[in-house]
$ cat my_file-v4.txt   # compact mmCIF, C-alpha atoms (C1' of nucleotides)
# COMPACT_ATOMS: atom_id res chain seq x y z
CA MET B 1 92.05 104.85 94.10
CA PRO B 2 94.74 102.61 92.75
CA THR B 3 95.67 99.74 95.01
CA SER B 4 98.61 100.63 97.21
CA ARG B 5 101.99 99.47 95.99
CA LYS B 6 103.44 99.22 99.48
CA ALA B 7 104.35 95.73 100.58
CA THR B 8 101.75 94.31 102.91
CA SER B 9 102.88 94.68 106.51
CA LEU B 10 102.67 91.65 108.75
CA GLY B 11 102.82 93.63 111.99
CA SER B 12 103.27 91.52 115.10
CA LEU B 13 103.16 88.39 112.96
CA THR B 14 106.79 89.13 112.20
CA GLY B 15 107.68 87.99 115.70
CA ASN B 16 105.13 85.20 115.91
CA VAL B 17 106.65 81.74 116.19
CA GLY B 18 103.57 79.82 115.09
CA PHE B 19 103.15 81.92 111.97
CA HIS B 20 106.73 81.35 110.91
CA LEU B 21 106.54 77.65 111.70
CA ARG B 22 103.51 77.42 109.44
CA LEU B 23 105.21 79.24 106.58
CA ALA B 24 108.31 77.08 106.92
CA GLN B 25 106.29 73.89 107.02
CA LEU B 26 104.30 74.99 103.99
CA ALA B 27 107.49 75.48 102.01
CA VAL B 28 109.10 72.27 103.21
CA PHE B 29 106.05 70.05 102.66
CA LYS B 30 105.54 71.51 99.22
CA ASP B 31 109.08 70.58 98.28
CA PHE B 32 108.63 67.13 99.81
CA ASP B 33 105.49 66.61 97.78
CA GLY B 34 107.19 67.73 94.59
CA GLU B 35 109.89 65.16 95.10
CA LEU B 36 107.93 62.19 96.45
CA SER B 37 104.41 62.41 95.07
CA GLU B 38 105.46 60.19 92.17
CA LEU B 39 106.04 57.43 94.74
CA GLY B 40 102.73 58.09 96.43
CA VAL B 41 104.57 58.93 99.63
CA SER B 42 103.36 61.83 101.75
CA PRO B 43 105.23 63.09 104.80
CA ALA B 44 102.88 61.09 107.02
CA VAL B 45 103.35 57.91 105.00
CA TYR B 46 107.10 58.36 105.03
CA SER B 47 107.20 58.75 108.77
CA VAL B 48 105.12 55.60 109.25
CA LEU B 49 107.27 53.49 106.92
CA GLU B 50 110.45 54.75 108.52
CA VAL B 51 109.28 54.09 112.07
CA LEU B 52 108.12 50.61 111.11
CA GLN B 53 111.46 49.77 109.60
CA GLN B 54 113.15 50.92 112.76
CA ASN B 55 110.70 49.11 115.03
CA PRO B 56 109.40 45.92 113.44
CA GLY B 57 106.41 44.47 115.24
CA LEU B 58 105.29 47.79 116.70
CA THR B 59 101.63 47.92 117.70
CA GLN B 60 99.27 50.43 116.14
CA SER B 61 98.88 52.56 119.23
CA LYS B 62 102.62 52.81 119.74
CA LEU B 63 103.12 53.71 116.11
CA ALA B 64 100.44 56.36 116.40
CA SER B 65 102.02 57.97 119.42
CA ALA B 66 105.47 57.85 117.80
CA VAL B 67 104.27 59.84 114.78
CA ARG B 68 101.87 61.94 116.85
CA LEU B 69 98.56 60.83 115.45
CA ASP B 70 95.49 59.52 117.19
CA ARG B 71 95.22 55.74 117.06
CA SER B 72 91.91 56.10 115.23
CA SER B 73 93.65 58.11 112.51
CA MET B 74 96.12 55.28 112.12
CA VAL B 75 93.47 52.83 110.94
CA PRO B 76 92.55 54.21 107.49
CA MET B 77 96.21 54.96 106.86
CA LEU B 78 97.24 51.37 107.62
CA ASP B 79 94.30 50.14 105.56
CA LYS B 80 95.68 51.97 102.56
CA LEU B 81 99.25 50.85 103.17
CA GLY B 82 97.97 47.31 103.55
CA GLN B 83 96.05 47.50 100.27
CA ARG B 84 99.21 48.73 98.59
CA GLY B 85 101.03 45.72 100.01
CA LEU B 86 103.51 47.80 101.96
CA VAL B 87 102.61 46.89 105.53
CA GLU B 88 101.33 43.74 107.24
CA ARG B 89 99.18 43.52 110.35
CA LEU B 90 99.76 40.35 112.37
CA ALA B 91 97.52 39.53 115.30
CA SER B 92 99.53 38.92 118.45
CA THR B 93 99.49 35.36 119.73
CA THR B 94 99.74 36.37 123.36
CA ASP B 95 97.45 39.37 123.60
CA ARG B 96 94.85 39.11 120.94
CA ARG B 97 93.95 42.78 121.18
CA HIS B 98 97.32 43.76 119.72
CA LYS B 99 98.30 43.79 116.09
CA HIS B 100 101.98 43.84 115.26
CA LEU B 101 103.04 45.80 112.22
CA TYR B 102 105.73 44.86 109.74
CA LEU B 103 107.02 46.32 106.52
CA THR B 104 106.65 43.89 103.63
CA ALA B 105 109.50 43.41 101.15
CA ALA B 106 107.68 45.84 98.85
CA GLY B 107 107.37 48.28 101.74
CA ALA B 108 111.08 48.08 102.50
CA LYS B 109 111.90 48.55 98.85
CA LEU B 110 109.64 51.58 98.52
CA LEU B 111 111.11 53.06 101.68
CA HIS B 112 114.59 52.59 100.25
CA GLN B 113 113.61 54.52 97.12
CA ALA B 114 111.88 57.14 99.22
CA ASP B 115 114.96 57.56 101.40
CA LYS B 116 117.00 58.57 98.38
CA LEU B 117 114.45 61.16 97.30
CA VAL B 118 114.07 62.43 100.85
CA SER B 119 117.83 62.97 100.95
CA LYS B 120 117.61 65.08 97.82
CA HIS B 121 114.68 66.97 99.25
CA GLU B 122 116.43 67.59 102.56
CA LYS B 123 119.51 68.87 100.82
CA ARG B 124 117.53 71.21 98.60
CA VAL B 125 115.38 72.52 101.40
CA CYS B 126 118.41 73.10 103.60
CA THR B 127 120.55 74.93 101.05
CA PRO B 128 119.95 78.21 102.96
CA PHE B 129 121.81 76.70 105.92
CA THR B 130 125.31 75.61 106.74
CA ALA B 131 125.64 72.20 108.38
CA LYS B 132 126.05 73.91 111.72
CA GLU B 133 123.01 76.07 111.20
CA LYS B 134 120.87 73.11 110.25
CA GLN B 135 121.99 71.29 113.36
CA ALA B 136 121.22 74.35 115.45
CA LEU B 137 117.79 74.64 113.87
CA MET B 138 116.93 71.01 114.55
CA GLU B 139 118.10 71.33 118.10
CA LEU B 140 116.00 74.46 118.64
CA LEU B 141 112.91 72.86 117.10
CA ALA B 142 113.29 69.82 119.32
CA ARG B 143 113.03 72.04 122.38
CA PHE B 144 109.39 72.79 121.71
CA GLY B 145 108.80 69.37 123.17
CA GLY B 146 108.11 67.69 119.87
CA MET S 1 105.29 38.24 124.21
CA PRO S 2 105.04 41.37 126.30
CA THR S 3 105.26 44.56 124.29
CA SER S 4 108.81 45.86 124.15
CA ARG S 5 109.70 48.51 126.68
CA LYS S 6 112.34 50.10 124.49
CA ALA S 7 111.57 53.63 123.38
CA THR S 8 110.35 53.74 119.81
CA SER S 9 113.18 54.71 117.49
CA LEU S 10 112.53 57.42 114.96
CA GLY S 11 115.43 56.48 112.69
CA SER S 12 116.16 58.97 109.94
CA LEU S 13 113.21 61.06 111.09
CA THR S 14 115.56 62.39 113.76
CA GLY S 15 117.30 64.43 111.06
CA ASN S 16 114.21 65.27 109.07
CA VAL S 17 113.36 68.98 108.99
CA GLY S 18 109.74 68.58 107.95
CA PHE S 19 109.02 66.10 110.72
CA HIS S 20 110.45 68.40 113.35
CA LEU S 21 108.64 71.41 111.94
CA ARG S 22 105.40 69.47 112.20
CA LEU S 23 106.03 68.46 115.82
CA ALA S 24 106.96 72.00 116.74
CA GLN S 25 103.91 73.43 115.02
CA LEU S 26 101.67 70.88 116.72
CA ALA S 27 102.98 71.94 120.13
CA VAL S 28 102.80 75.65 119.39
CA PHE S 29 99.30 75.60 117.86
CA LYS S 30 98.02 73.51 120.72
CA ASP S 31 99.27 76.10 123.20
CA PHE S 32 97.80 78.90 121.06
CA ASP S 33 94.47 77.17 121.04
CA GLY S 34 94.53 76.63 124.78
CA GLU S 35 95.06 80.34 125.31
CA LEU S 36 92.81 81.85 122.62
CA SER S 37 89.97 79.43 121.98
CA GLU S 38 87.87 81.29 124.55
CA LEU S 39 88.01 84.31 122.22
CA GLY S 40 87.14 82.20 119.19
CA VAL S 41 90.45 83.17 117.63
CA SER S 42 92.42 80.53 115.74
CA PRO S 43 95.92 81.13 114.40
CA ALA S 44 94.44 81.80 110.96
CA VAL S 45 91.89 84.28 112.32
CA TYR S 46 94.56 86.03 114.34
CA SER S 47 96.78 86.44 111.33
CA VAL S 48 93.92 87.90 109.29
CA LEU S 49 92.90 90.38 111.99
CA GLU S 50 96.48 91.45 112.55
CA VAL S 51 97.21 91.97 108.85
CA LEU S 52 93.99 93.97 108.44
CA GLN S 53 94.87 96.23 111.31
CA GLN S 54 98.27 96.84 109.77
CA ASN S 55 96.85 97.34 106.27
CA PRO S 56 93.39 98.90 106.36
CA GLY S 57 91.60 98.70 103.04
CA LEU S 58 93.51 95.67 101.81
CA THR S 59 91.75 93.69 99.08
CA GLN S 60 90.86 90.04 99.58
CA SER S 61 93.44 88.70 97.16
CA LYS S 62 96.23 90.68 98.77
CA LEU S 63 95.16 89.56 102.20
CA ALA S 64 95.09 85.97 101.01
CA SER S 65 98.59 86.12 99.62
CA ALA S 66 99.86 87.85 102.77
CA VAL S 67 98.66 85.02 104.98
CA ARG S 68 99.38 82.38 102.34
CA LEU S 69 95.91 81.14 101.58
CA ASP S 70 94.10 80.80 98.29
CA ARG S 71 91.74 83.69 97.58
CA SER S 72 88.86 81.21 97.43
CA SER S 73 89.69 80.04 100.94
CA MET S 74 89.48 83.63 102.10
CA VAL S 75 85.79 83.93 101.26
CA PRO S 76 84.18 81.65 103.91
CA MET S 77 86.62 82.97 106.48
CA LEU S 78 85.65 86.60 105.78
CA ASP S 79 81.99 85.57 105.73
CA LYS S 80 82.36 84.29 109.28
CA LEU S 81 84.31 87.32 110.45
CA GLY S 82 81.68 89.51 108.84
CA GLN S 83 78.86 87.68 110.60
CA ARG S 84 80.71 88.16 113.88
CA GLY S 85 80.89 91.87 113.12
CA LEU S 86 84.68 91.96 113.17
CA VAL S 87 85.46 92.84 109.57
CA GLU S 88 83.76 95.00 106.91
CA ARG S 89 83.89 94.55 103.15
CA LEU S 90 83.53 97.81 101.22
CA ALA S 91 83.16 97.76 97.47
CA SER S 92 85.76 99.94 95.79
CA THR S 93 84.44 103.05 94.09
CA THR S 94 87.10 103.02 91.38
CA ASP S 95 87.49 99.35 90.52
CA ARG S 96 84.28 97.62 91.28
CA ARG S 97 85.88 94.19 91.25
CA HIS S 98 87.76 95.02 94.43
CA LYS S 99 86.48 94.88 97.96
CA HIS S 100 88.42 96.75 100.60
CA LEU S 101 88.63 95.20 104.01
CA TYR S 102 88.51 97.01 107.33
CA LEU S 103 88.49 95.96 110.94
CA THR S 104 85.37 97.19 112.73
CA ALA S 105 85.61 98.72 116.20
CA ALA S 106 84.62 95.32 117.58
CA GLY S 107 87.31 93.69 115.46
CA ALA S 108 89.97 96.10 116.71
CA LYS S 109 88.86 95.51 120.28
CA LEU S 110 88.96 91.75 119.91
CA LEU S 111 92.38 91.94 118.31
CA HIS S 112 93.59 94.03 121.22
CA GLN S 113 92.43 91.36 123.66
CA ALA S 114 93.91 88.65 121.48
CA ASP S 115 97.26 90.44 121.34
CA LYS S 116 97.55 90.25 125.09
CA LEU S 117 96.83 86.52 125.13
CA VAL S 118 99.15 85.94 122.20
CA SER S 119 101.91 87.64 124.17
CA LYS S 120 101.34 85.26 127.05
CA HIS S 121 101.29 82.35 124.65
CA GLU S 122 104.49 83.43 122.92
CA LYS S 123 106.28 83.84 126.20
CA ARG S 124 105.20 80.43 127.44
CA VAL S 125 106.01 78.66 124.20
CA CYS S 126 109.42 80.31 124.07
CA THR S 127 110.49 79.58 127.63
CA PRO S 128 112.97 76.97 126.31
CA PHE S 129 114.86 79.77 124.53
CA THR S 130 116.89 82.79 125.47
CA ALA S 131 116.01 86.01 123.66
CA LYS S 132 118.97 85.48 121.39
CA GLU S 133 117.99 81.90 120.63
CA LYS S 134 114.46 82.90 119.79
CA GLN S 135 115.75 85.56 117.45
CA ALA S 136 118.09 83.04 115.84
CA LEU S 137 115.23 80.57 115.43
CA MET S 138 112.98 83.13 113.77
CA GLU S 139 115.75 84.16 111.46
CA LEU S 140 116.47 80.57 110.48
CA LEU S 141 112.79 79.81 109.88
CA ALA S 142 112.46 82.88 107.67
CA ARG S 143 115.16 81.50 105.38
CA PHE S 144 112.89 78.69 104.19
CA GLY S 145 111.35 81.36 102.02
CA GLY S 146 108.19 81.71 104.05
C1' DT Y 1 91.81 88.81 77.52
C1' DA Y 2 92.83 89.19 82.40
C1' DT Y 3 91.45 89.88 87.18
C1' DT Y 4 88.38 89.90 91.59
C1' DG Y 5 85.48 87.85 94.21
C1' DT Y 6 82.47 84.00 94.34
C1' DT Y 7 80.46 79.34 94.22
C1' DA Y 8 80.43 74.51 94.09
C1' DT Y 9 82.85 70.87 95.15
C1' DA Y 10 85.99 67.69 96.97
C1' DC Y 11 89.88 65.98 99.29
C1' DT Y 12 93.14 65.47 103.18
C1' DC Y 13 93.97 65.37 107.80
C1' DT Y 14 92.60 64.88 112.10
C1' DA Y 15 89.90 64.18 116.32
C1' DT Y 16 85.86 62.48 119.38
C1' DA Y 17 82.85 59.13 120.86
C1' DA Y 18 81.03 54.84 120.95
C1' DC Y 19 81.53 49.93 119.76
C1' DT Y 20 83.93 44.96 120.01
C1' DA Y 21 86.87 41.87 121.69
C1' DT Y 22 89.79 40.95 124.55
C1' DA Y 23 92.39 41.23 129.08
C1' DT R 1 87.41 48.06 134.63
C1' DA R 2 90.84 49.05 131.29
C1' DT R 3 93.00 48.59 126.74
C1' DA R 4 93.65 47.81 121.38
C1' DG R 5 91.76 48.32 117.42
C1' DT R 6 87.73 49.73 114.89
C1' DT R 7 83.82 52.40 113.05
C1' DA R 8 81.07 56.31 112.22
C1' DT R 9 81.10 60.79 112.00
C1' DA R 10 82.25 65.47 111.83
C1' DG R 11 85.11 69.49 111.64
C1' DA R 12 88.91 72.30 110.05
C1' DG R 13 91.55 73.64 106.44
C1' DT R 14 92.57 73.84 102.07
C1' DA R 15 92.62 73.62 96.97
C1' DT R 16 90.72 73.38 92.00
C1' DA R 17 87.77 74.73 88.50
C1' DA R 18 84.38 77.39 86.59
C1' DC R 19 81.34 81.62 86.73
C1' DA R 20 79.78 86.63 86.82
C1' DA R 21 81.07 91.23 86.90
C1' DT R 22 84.36 94.32 85.70
C1' DA R 23 88.47 96.15 83.74
$ encode --input "my_file-v4.txt" --output "C-alpha cells"
Amino acid sequence: MPTSRKATSLGSLTGNVGFHLRLAQLAVFKDFDGELSELGVSPAVYSVLEVLQQNPGLTQSKLASAVRLDRSSMVPMLDKLGQRGLVERLASTTDRRHKHLYLTAAGAKLLHQADKLVSKHEKRVCTPFTAKEKQALMELLARFGG
Amino acid sequence: MPTSRKATSLGSLTGNVGFHLRLAQLAVFKDFDGELSELGVSPAVYSVLEVLQQNPGLTQSKLASAVRLDRSSMVPMLDKLGQRGLVERLASTTDRRHKHLYLTAAGAKLLHQADKLVSKHEKRVCTPFTAKEKQALMELLARFGG
DNA sequence: TATTGTTATACTCTATAACTATA
DNA sequence: TATAGTTATAGAGTATAACAATA
C-alpha cells in the first residue's frame, strides 16, 4: 500500500495547551538561536544577564529563583559566564555564605548588543500579531502563574 | 548588608515572548506530570499515543514529524513503548523500509485512562481562563507556526 | 541516488542529594 | 538547625552523522 496522503491528524492534541506551548516555544527558541548564537547567547544566558543588569549584587539563589532554575543549575552557568569575563562573583562581607553577582563592563556591553538582536527577534517572531494581540498573549501567558 | 527585600526585577524579560512561553510551559508540564506520572505517561508519550490512535499504521518518520521530533529520537521512544506492550511495529509488505505503527489493546486502554487524567489536568491548568480566553490563547499560540 | 529505520554518540538542560562553610 | 553555594551524578530530551536495507 502507498503511504496515505491525508494530513496526519492530531486528535485531542489540537486542544491541548501544553502541546501548543511546546510547539510555540520550539519555534520561538529556534528563531532566538538563529539570531543570537553568533553572540554565544542562549535564552537562558540572556535572561541571566538581563536580570543581573536590573539587579546588581543579586545572590545566586535569588537569581536562580528569578529565572526559574535550581540553584545548583546556576553554578556551571555562572562558571562559564565568569570564564567569559561577563559576570563577577563577589563574596559578601557581612554574610560569607552569600556571593553577590555583578555584570562586568564586557557583560554589560554584550547584553547591550544582545538587546538589539533580541528586539529584532521579538519583532520577527511577533509579526503574526498586532500590538494588541501580543499584549493579550503575554497577559494570558502570565496567568499560568509563571 | 542584609539582602535586599525588593522583588527581583525582570527588566526587558517582562516583554519577552520566549521567556513567558518557557514559564508557562514549566507550569503546565509540571501539572501534567503531577497528574499522569502514575501512569508513566509524559507529555511526549501522550502525544505519540494520541497521534497513533488517530492515525493507525503511521510510519515512524511521519509520526516523528507530527510530534516534532527527529526520526532518530523516535526510535528509543518506540522501543520503550514496545517493551511496555503499548505499540506494535509492523513491517510494510509493499515497501520494506517502512514500519507501520499501531496501538495495541493495552496501548488503547492506557490512552483512554490518560485521556481522562489529561482532561482533569487541562481543566485545572485553564482555570485562569474563560472558555473564550482559552480558545483565543490556543489560536494565538498556533500562529507561531507550530 | 534517495529514503527509512537504526545505531552510536554527544550535548544541553535540569534536578536530587550530599558536602562545606558559614550563620 | 538552617542556609548559600558547591560537587557529583544522573536522567530526560534531543540532535547529528553515518550505516544497512530497500526503493
$ closest_residue --input "my_file-v4.txt" --among "S:Val75, S:Leu117, S:Leu90, S:Ala7" --to "DG5 in chain Y" --atoms "only C-alpha atoms (C1' of nucleotides)"
S:Val75
$ residues_around --input "my_file-v4.txt" --residues "Ser73 in chain S" --least-positions-apart "6" --cutoff "10 Å" --atoms "all atoms listed in the file" --output "list in words"
Ala64 of chain S; DG13, DT14 and DA15 of chain R
$ closest_residue --input "my_file-v4.txt" --among "S:His20, S:Asp33, S:Gln53, S:Ser72" --to "DT4 in chain Y" --atoms "only C-alpha atoms (C1' of nucleotides)"
S:Ser72
$ atom_distance --input "my_file-v4.txt" --atom1 "CA of Leu101 in chain B" --atom2 "CA of Ala142 in chain B"
27.1 Å
$ interface_residues --input "my_file-v4.txt" --of "chain B" --to "chain R" --cutoff "9 Å" --atoms "all atoms listed in the file" --output "JSON, numbers by chain"
{"B": [59, 60, 61, 71, 72, 75, 96, 97, 98, 99]}
$ atom_distance --input "my_file-v4.txt" --atom1 "CA of Gly145 in chain S" --atom2 "CA of Lys30 in chain S"
24.3 Å
$ atom_distance --input "my_file-v4.txt" --atom1 "CA of Gly15 in chain B" --atom2 "CA of Ser119 in chain S"
10.3 Å
$ interface_residues --input "my_file-v4.txt" --of "chain B" --to "chain S" --cutoff "7 Å" --atoms "all atoms listed in the file" --output "number ranges by chain"
B: 1, 8-11, 13, 17-18, 20-25, 27-29, 47, 50-51, 54-55, 66, 94, 128, 137-138, 140-144, 146
$ closest_residue --input "my_file-v4.txt" --among "S:Pro76, S:Gly40, S:Gly34, S:Pro56" --to "chain Y" --atoms "only C-alpha atoms (C1' of nucleotides)"
S:Pro76
$ interface_residues --input "my_file-v4.txt" --of "chain Y" --to "chain S" --cutoff "12 Å" --atoms "only C-alpha atoms (C1' of nucleotides)" --output "CSV table (one decimal) with C-alpha atoms (C1' of nucleotides), in the frame of the given file"
chain,number,residue,atom,x,y,z
Y,3,DT,C1',91.4,89.9,87.2
Y,4,DT,C1',88.4,89.9,91.6
Y,5,DG,C1',85.5,87.8,94.2
Y,6,DT,C1',82.5,84.0,94.3
Y,7,DT,C1',80.5,79.3,94.2
Y,8,DA,C1',80.4,74.5,94.1
Y,14,DT,C1',92.6,64.9,112.1
$ axis_aligned_box --input "my_file-v4.txt" --around "range 13-16 of chain Y" --padding-each-side "8 Å" --output "AutoDock Vina command-line options"
--center_x 89.9 --center_y 63.9 --center_z 113.6 --size_x 24.1 --size_y 18.9 --size_z 27.6
$ decode --input "my_file-v4.txt" --residues "chain R" --atoms "C-alpha atoms (C1' of nucleotides)" --output "PDB file, in the first residue's frame"
ATOM      1  C1'  DT R   1      19.454  23.637  62.874  1.00  0.00           C
ATOM      2  C1'  DA R   2      19.123  26.183  58.716  1.00  0.00           C
ATOM      3  C1'  DT R   3      21.043  28.415  54.602  1.00  0.00           C
ATOM      4  C1'  DA R   4      24.309  29.539  50.374  1.00  0.00           C
ATOM      5  C1'  DG R   5      26.987  27.767  47.336  1.00  0.00           C
ATOM      6  C1'  DT R   6      29.163  23.660  45.594  1.00  0.00           C
ATOM      7  C1'  DT R   7      30.006  18.996  43.782  1.00  0.00           C
ATOM      8  C1'  DA R   8      28.916  14.661  41.883  1.00  0.00           C
ATOM      9  C1'  DT R   9      25.864  12.416  39.476  1.00  0.00           C
ATOM     10  C1'  DA R  10      22.156  11.043  36.723  1.00  0.00           C
ATOM     11  C1'  DG R  11      18.175  11.465  33.824  1.00  0.00           C
ATOM     12  C1'  DA R  12      15.421  13.350  30.130  1.00  0.00           C
ATOM     13  C1'  DG R  13      15.344  15.053  25.775  1.00  0.00           C
ATOM     14  C1'  DT R  14      17.194  15.964  21.792  1.00  0.00           C
ATOM     15  C1'  DA R  15      20.179  16.269  17.660  1.00  0.00           C
ATOM     16  C1'  DT R  16      23.956  14.904  14.153  1.00  0.00           C
ATOM     17  C1'  DA R  17      26.241  11.784  11.365  1.00  0.00           C
ATOM     18  C1'  DA R  18      26.912   7.578   9.358  1.00  0.00           C
ATOM     19  C1'  DC R  19      25.181   2.805   8.180  1.00  0.00           C
ATOM     20  C1'  DA R  20      22.272  -1.085   6.185  1.00  0.00           C
ATOM     21  C1'  DA R  21      18.419  -2.307   3.644  1.00  0.00           C
ATOM     22  C1'  DT R  22      15.471  -1.014   0.263  1.00  0.00           C
ATOM     23  C1'  DA R  23      13.482   1.655  -3.353  1.00  0.00           C
TER      24       DA R  23
END
